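The file query-v9.cif comes next; it holds mmCIF, C-alpha atoms.
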data_final
#
loop_
_atom_site.label_atom_id
_atom_site.label_comp_id
_atom_site.auth_asym_id
_atom_site.auth_seq_id
_atom_site.Cartn_x
_atom_site.Cartn_y
_atom_site.Cartn_z
CA MET A 234 -26.63 -0.23 -35.82
CA SER A 235 -25.96 -3.80 -36.85
CA VAL A 236 -26.48 -6.76 -34.55
CA GLN A 237 -22.71 -7.28 -34.38
CA GLN A 238 -22.12 -3.63 -33.45
CA ARG A 239 -24.72 -3.90 -30.68
CA LYS A 240 -23.11 -7.10 -29.37
CA ASP A 241 -19.67 -5.49 -29.47
CA ARG A 242 -20.97 -2.46 -27.58
CA GLU A 243 -22.66 -4.66 -24.96
CA ARG A 244 -19.47 -6.69 -24.57
CA ALA A 245 -17.40 -3.53 -24.08
CA ASP A 246 -19.95 -2.26 -21.54
CA ARG A 247 -19.76 -5.54 -19.60
CA GLU A 248 -15.99 -5.41 -19.63
CA ARG A 249 -16.00 -1.84 -18.29
CA LEU A 250 -18.46 -2.93 -15.59
CA ILE A 251 -16.22 -5.83 -14.55
CA VAL A 252 -13.15 -3.60 -14.33
CA ALA A 253 -14.99 -0.82 -12.47
CA THR A 254 -16.48 -3.30 -10.01
CA ALA A 255 -13.13 -5.00 -9.41
CA ARG A 256 -11.52 -1.64 -8.84
CA GLU A 257 -14.24 -0.52 -6.45
CA LEU A 258 -14.10 -3.76 -4.48
CA ALA A 259 -10.29 -3.63 -4.31
CA GLU A 260 -10.32 -0.02 -3.11
CA GLN A 261 -12.91 -0.86 -0.44
CA GLN A 262 -11.65 -4.23 0.78
CA GLY A 263 -8.30 -4.95 -0.87
CA TRP A 264 -7.35 -7.19 -3.76
CA ASP A 265 -7.83 -10.37 -1.71
CA ALA A 266 -11.56 -9.60 -1.72
CA VAL A 267 -11.65 -9.53 -5.52
CA THR A 268 -12.70 -12.97 -6.70
CA THR A 269 -14.57 -13.99 -9.81
CA ARG A 270 -17.39 -15.28 -7.62
CA ARG A 271 -17.78 -11.95 -5.80
CA LEU A 272 -17.49 -10.00 -9.04
CA ALA A 273 -20.13 -12.18 -10.68
CA GLU A 274 -22.47 -11.61 -7.74
CA ARG A 275 -21.93 -7.86 -7.74
CA ILE A 276 -22.44 -7.34 -11.46
CA GLU A 277 -25.21 -9.94 -11.64
CA TYR A 278 -23.62 -12.05 -14.35
CA SER A 279 -22.45 -15.62 -14.14
CA GLN A 280 -18.81 -16.54 -13.63
CA PRO A 281 -18.63 -17.96 -17.19
CA VAL A 282 -19.56 -14.48 -18.47
CA LEU A 283 -16.61 -13.03 -16.54
CA TYR A 284 -14.33 -15.71 -17.95
CA SER A 285 -15.49 -14.83 -21.46
CA HIS A 286 -13.90 -11.41 -20.88
CA PHE A 287 -10.95 -12.22 -18.63
CA ARG A 288 -9.17 -15.52 -18.04
CA GLY A 289 -8.95 -14.77 -14.35
CA LYS A 290 -8.05 -12.29 -11.66
CA ARG A 291 -4.60 -11.66 -13.11
CA GLU A 292 -6.09 -10.25 -16.33
CA ILE A 293 -8.57 -8.17 -14.34
CA ILE A 294 -5.69 -6.71 -12.34
CA GLY A 295 -3.95 -5.96 -15.64
CA ALA A 296 -7.04 -4.19 -16.97
CA VAL A 297 -7.24 -2.07 -13.81
CA ALA A 298 -3.53 -1.30 -14.12
CA LEU A 299 -3.95 -0.11 -17.71
CA GLN A 300 -6.87 2.09 -16.71
CA GLY A 301 -4.85 3.47 -13.82
CA ALA A 302 -1.85 4.18 -16.03
CA ALA A 303 -4.02 6.20 -18.38
CA GLU A 304 -5.49 8.16 -15.46
CA MET A 305 -2.09 8.77 -13.92
CA ALA A 306 -0.73 10.06 -17.24
CA VAL A 307 -3.58 12.57 -17.42
CA ALA A 308 -3.04 13.66 -13.80
CA VAL A 309 0.69 14.15 -14.27
CA ARG A 310 0.34 16.02 -17.56
CA THR A 311 -2.41 18.23 -16.19
CA ALA A 312 -0.40 19.15 -13.11
CA ALA A 313 2.76 19.84 -15.08
CA SER A 314 0.92 21.93 -17.66
CA ARG A 315 -0.27 24.34 -14.98
CA ALA A 316 3.26 25.17 -13.84
CA ASN A 317 5.40 27.94 -15.30
CA SER A 318 9.00 26.85 -14.81
CA PRO A 319 10.88 23.54 -15.09
CA ARG A 320 11.24 23.38 -11.31
CA GLU A 321 7.53 24.02 -10.76
CA ARG A 322 6.65 21.42 -13.41
CA VAL A 323 8.79 18.76 -11.75
CA ALA A 324 7.36 19.56 -8.31
CA ALA A 325 3.81 19.48 -9.70
CA LEU A 326 4.51 16.17 -11.42
CA ALA A 327 5.86 14.70 -8.18
CA ARG A 328 2.86 15.89 -6.18
CA ALA A 329 0.41 14.58 -8.79
CA TYR A 330 2.13 11.20 -8.84
CA LEU A 331 2.11 10.89 -5.03
CA ASP A 332 -1.47 12.14 -4.82
CA PHE A 333 -2.52 9.52 -7.37
CA ALA A 334 -0.82 6.76 -5.37
CA THR A 335 -2.45 7.95 -2.15
CA SER A 336 -5.93 8.44 -3.63
CA ASN A 337 -5.96 5.16 -5.58
CA PRO A 338 -4.06 2.60 -3.49
CA ALA A 339 -5.60 -0.51 -5.05
CA VAL A 340 -5.07 0.84 -8.56
CA TYR A 341 -1.50 1.77 -7.69
CA ASP A 342 -0.96 -1.77 -6.40
CA ALA A 343 -2.39 -3.17 -9.62
CA MET A 344 0.00 -0.98 -11.60
CA PHE A 345 3.19 -1.65 -9.67
CA GLN A 346 2.87 -4.29 -6.97
CA LEU A 347 0.65 -7.07 -8.30
CA ASP A 348 1.06 -9.41 -11.25
CA GLY A 349 -1.32 -8.20 -13.92
CA GLY A 350 0.51 -10.05 -16.67
CA LEU A 351 1.75 -6.82 -18.23
CA ALA A 352 5.17 -6.33 -19.76
CA PHE A 353 7.07 -3.23 -18.70
CA ALA A 354 9.95 -1.76 -20.71
CA HIS A 355 9.54 -4.16 -23.62
CA GLU A 356 8.45 -3.82 -27.23
CA ASP A 357 5.08 -5.35 -26.35
CA THR A 358 4.44 -3.05 -23.39
CA PRO A 359 0.80 -1.92 -23.63
CA GLU A 360 0.31 1.64 -24.86
CA PRO A 361 -1.19 3.03 -21.60
CA LEU A 362 1.96 2.00 -19.72
CA LYS A 363 4.20 3.56 -22.37
CA ASP A 364 2.12 6.72 -22.25
CA ALA A 365 2.32 6.94 -18.45
CA PHE A 366 6.10 6.78 -18.68
CA ALA A 367 6.03 9.33 -21.53
CA ALA A 368 4.03 11.68 -19.30
CA LEU A 369 6.86 11.57 -16.77
CA LEU A 370 9.55 11.85 -19.45
CA GLU A 371 7.98 14.96 -21.00
CA THR A 372 8.65 16.95 -17.86
CA LEU A 373 11.67 15.18 -16.43
CA GLY A 374 13.51 14.96 -19.72
CA GLU A 375 13.84 18.73 -19.83
CA VAL A 376 15.75 18.79 -16.52
CA ALA A 377 17.90 15.68 -16.96
CA GLY A 378 20.99 17.76 -17.62
CA ASP A 379 23.76 17.66 -20.17
CA GLY A 380 25.13 14.22 -20.88
CA VAL A 381 22.36 12.50 -18.90
CA HIS A 382 20.09 10.14 -20.79
CA PRO A 383 16.54 11.54 -20.30
CA GLY A 384 14.97 8.07 -20.09
CA LEU A 385 17.41 6.86 -17.44
CA PHE A 386 16.95 10.07 -15.48
CA THR A 387 13.17 9.63 -15.66
CA GLU A 388 13.47 6.02 -14.45
CA THR A 389 15.57 7.14 -11.49
CA PHE A 390 13.21 9.95 -10.53
CA TRP A 391 10.22 7.63 -10.95
CA ALA A 392 11.93 5.05 -8.70
CA ALA A 393 12.35 7.74 -6.04
CA LEU A 394 8.67 8.71 -6.32
CA HIS A 395 7.61 5.07 -6.16
CA GLY A 396 9.76 4.58 -3.07
CA LEU A 397 8.20 7.61 -1.39
CA ALA A 398 4.69 6.44 -2.30
CA THR A 399 5.27 2.88 -1.16
CA LEU A 400 7.08 3.71 2.08
CA THR A 401 4.53 6.36 3.04
CA ARG A 402 1.61 3.99 2.38
CA ALA A 403 3.31 1.31 4.45
CA GLY A 404 3.66 3.71 7.39
CA ARG A 405 7.46 3.73 7.13
CA LEU A 406 7.55 7.45 6.31
CA PRO A 407 5.29 9.97 8.08
CA PRO A 408 2.90 11.53 5.55
CA GLU A 409 3.13 14.97 7.11
CA HIS A 410 6.64 15.34 5.64
CA THR A 411 5.66 14.49 2.06
CA GLU A 412 5.91 18.08 0.81
CA TRP A 413 9.36 18.48 2.34
CA ARG A 414 10.46 15.26 0.61
CA VAL A 415 9.11 16.50 -2.73
CA GLU A 416 11.02 19.77 -2.35
CA LEU A 417 14.20 17.90 -1.42
CA LEU A 418 13.83 15.52 -4.35
CA VAL A 419 13.23 18.36 -6.79
CA ASP A 420 16.05 20.50 -5.42
CA ARG A 421 18.68 17.76 -5.13
CA LEU A 422 17.87 15.43 -7.98
CA ALA A 423 15.94 17.26 -10.65
CA ILE A 424 17.05 20.85 -10.59
CA THR A 425 20.77 21.44 -10.61
#

Represent the structure of the file as structure tokens.
Amino acid sequence: MSVQQRKDRERADRERLIVATARELAEQQGWDAVTTRRLAERIEYSQPVLYSHFRGKREIIGAVALQGAAEMAVAVRTAASRANSPRERVAALARAYLDFATSNPAVYDAMFQLDGGLAFAHEDTPEPLKDAFAALLETLGEVAGDGVHPGLFTETFWAALHGLATLTRAGRLPPEHTEWRVELLVDRLAIT
């Protein structure tokens, strides 16, 4: 291994450590607790080392969001692949999405609530975000219906899932009715 390859590997390892530590701290104490000073203390590097990887908290949030998008895409695809019918796939996708939001609240916030400096629905949208949407589209596109644009249908269904996730987390919707809401969403919106 060349010196440059070793340095590149060490840099990538440091970057993964920064992102993992930020994510852990955010999940434990919220994003307000994530500061470059606290991250530097936790990973035992100086703040200038952090700034050599990320220009600030916004870019760290963006890195966590990209990681989360990749994880969510895997969760959604895995859940949908285990189902046998279009209806079961849509219901499994919805449950996986809501479970991801519930299990990873700080990551979910990084993906959809906080400014991570990421472009959505543009040509320069990062690949993990495109892939997360594609994971939804793969299942939802097959139930969009005749004359309905699959992408627009997927956006609408995603908006409904996001609303359910956000309102449940905020205590506006009781979590004990989540399964009923999933069934209603699948029956009324996705499966006609």

Practice prompt. Just give me the gap between atom CA of Trp413 of chain A and atom CA of Ala334 of chain A in Å, one decimal is fine.
Written response: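 Between atom CA of Trp413 of chain A and atom CA of Ala334 of chain A the gap is 17.3 Å.
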
Item to complete: Return the single residue from A:His382, A:Lys363, A:Arg402, A:His395 that is closest to Pro338 of chain A, with distances computed using all atoms listed in the file.
Response: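 Of the candidates, the smallest distance to Pro338 of chain A is held by A:Arg402.
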
Worksheet item: Mind pulling up the distance from atom CA of Glu257 of chain A to atom CA of Ser279 of chain A?
Response: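 Separation between atom CA of Ser279 of chain A and atom CA of Glu257 of chain A: 18.8 Å.
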
Which residues of segment 365-394 of chain A come within 9 Å of segment 297-305 of chain A, and for each one, what is the closest pair of atoms and their distance in Å to one decimal, counting all atoms listed in the file, sorted by chain and residue number, as a tab-separated table?
residue	atom	partner	partner_atom	distance
A:Ala365	CA	A:Ala302	CA	5.6
A:Phe366	CA	A:Ala302	CA	8.8
A:Ala368	CA	A:Met305	CA	8.7

Worksheet item: Do you know which residues are at most 12 Å from segment 260-275 of chain A counting all atoms listed in the file, after dropping those on the same chain fewer than 2 positions away, and could you put them as a PyMOL selection string?
Response: chain A and resi 247-248+250-258+277-294+297+334-343+346-349

Practice prompt. Any chance you could resolve the PyMOL selection byres ((chain A and resi 309-320) around 9) against this file and give the residues as a list in words?
Written response: Glu304, Met305, Ala306, Val307, Ala308, Glu321, Arg322, Val323, Ala324, Ala325, Leu326, Ala327, Arg328, Ala329, Tyr330, Phe333, Ala365, Ala368, Leu369, Glu371, Thr372, Leu373, Glu375, Val376, Val419, Asp420, Ala423 and Ile424 of chain A

Response to the item:
Between atom CA of Leu394 of chain A and atom CA of Ala377 of chain A lies a distance of 15.7 Å

Padding 5 Å on each side, edges along x, y and z: where is the centre of the box around the listed atoms of segment 294-297 of chain A, and how long are its edges in Å to one decimal? Output it as lines of an AutoDock Vina configuration file.
center_x = -5.6
center_y = -4.4
center_z = -14.7
size_x = 13.3
size_y = 14.6
size_z = 14.6

Shell around Arg414 of chain A at 12 Å using only C-alpha atoms, local window under 2 positions removed, as a short mmCIF file (atom, residue, chain, number, x, y, z; two decimals) with C-alpha atoms, in the coordinates of the input:
data_model
loop_
_atom_site.label_atom_id
_atom_site.label_comp_id
_atom_site.auth_asym_id
_atom_site.auth_seq_id
_atom_site.Cartn_x
_atom_site.Cartn_y
_atom_site.Cartn_z
CA ALA A 324 7.36 19.56 -8.31
CA ALA A 327 5.86 14.70 -8.18
CA ARG A 328 2.86 15.89 -6.18
CA LEU A 331 2.11 10.89 -5.03
CA ALA A 393 12.35 7.74 -6.04
CA LEU A 394 8.67 8.71 -6.32
CA GLY A 396 9.76 4.58 -3.07
CA LEU A 397 8.20 7.61 -1.39
CA ALA A 398 4.69 6.44 -2.30
CA THR A 401 4.53 6.36 3.04
CA LEU A 406 7.55 7.45 6.31
CA PRO A 407 5.29 9.97 8.08
CA PRO A 408 2.90 11.53 5.55
CA GLU A 409 3.13 14.97 7.11
CA HIS A 410 6.64 15.34 5.64
CA THR A 411 5.66 14.49 2.06
CA GLU A 412 5.91 18.08 0.81
CA GLU A 416 11.02 19.77 -2.35
CA LEU A 417 14.20 17.90 -1.42
CA LEU A 418 13.83 15.52 -4.35
CA VAL A 419 13.23 18.36 -6.79
CA ASP A 420 16.05 20.50 -5.42
CA ARG A 421 18.68 17.76 -5.13
CA LEU A 422 17.87 15.43 -7.98
#

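Remark: for Ala392 of chain A, the closest of the candidate residues A:Phe345, A:Ala352, A:Gly404, A:Gly374 is A:Phe345 (distances computed over all atoms listed in the file).
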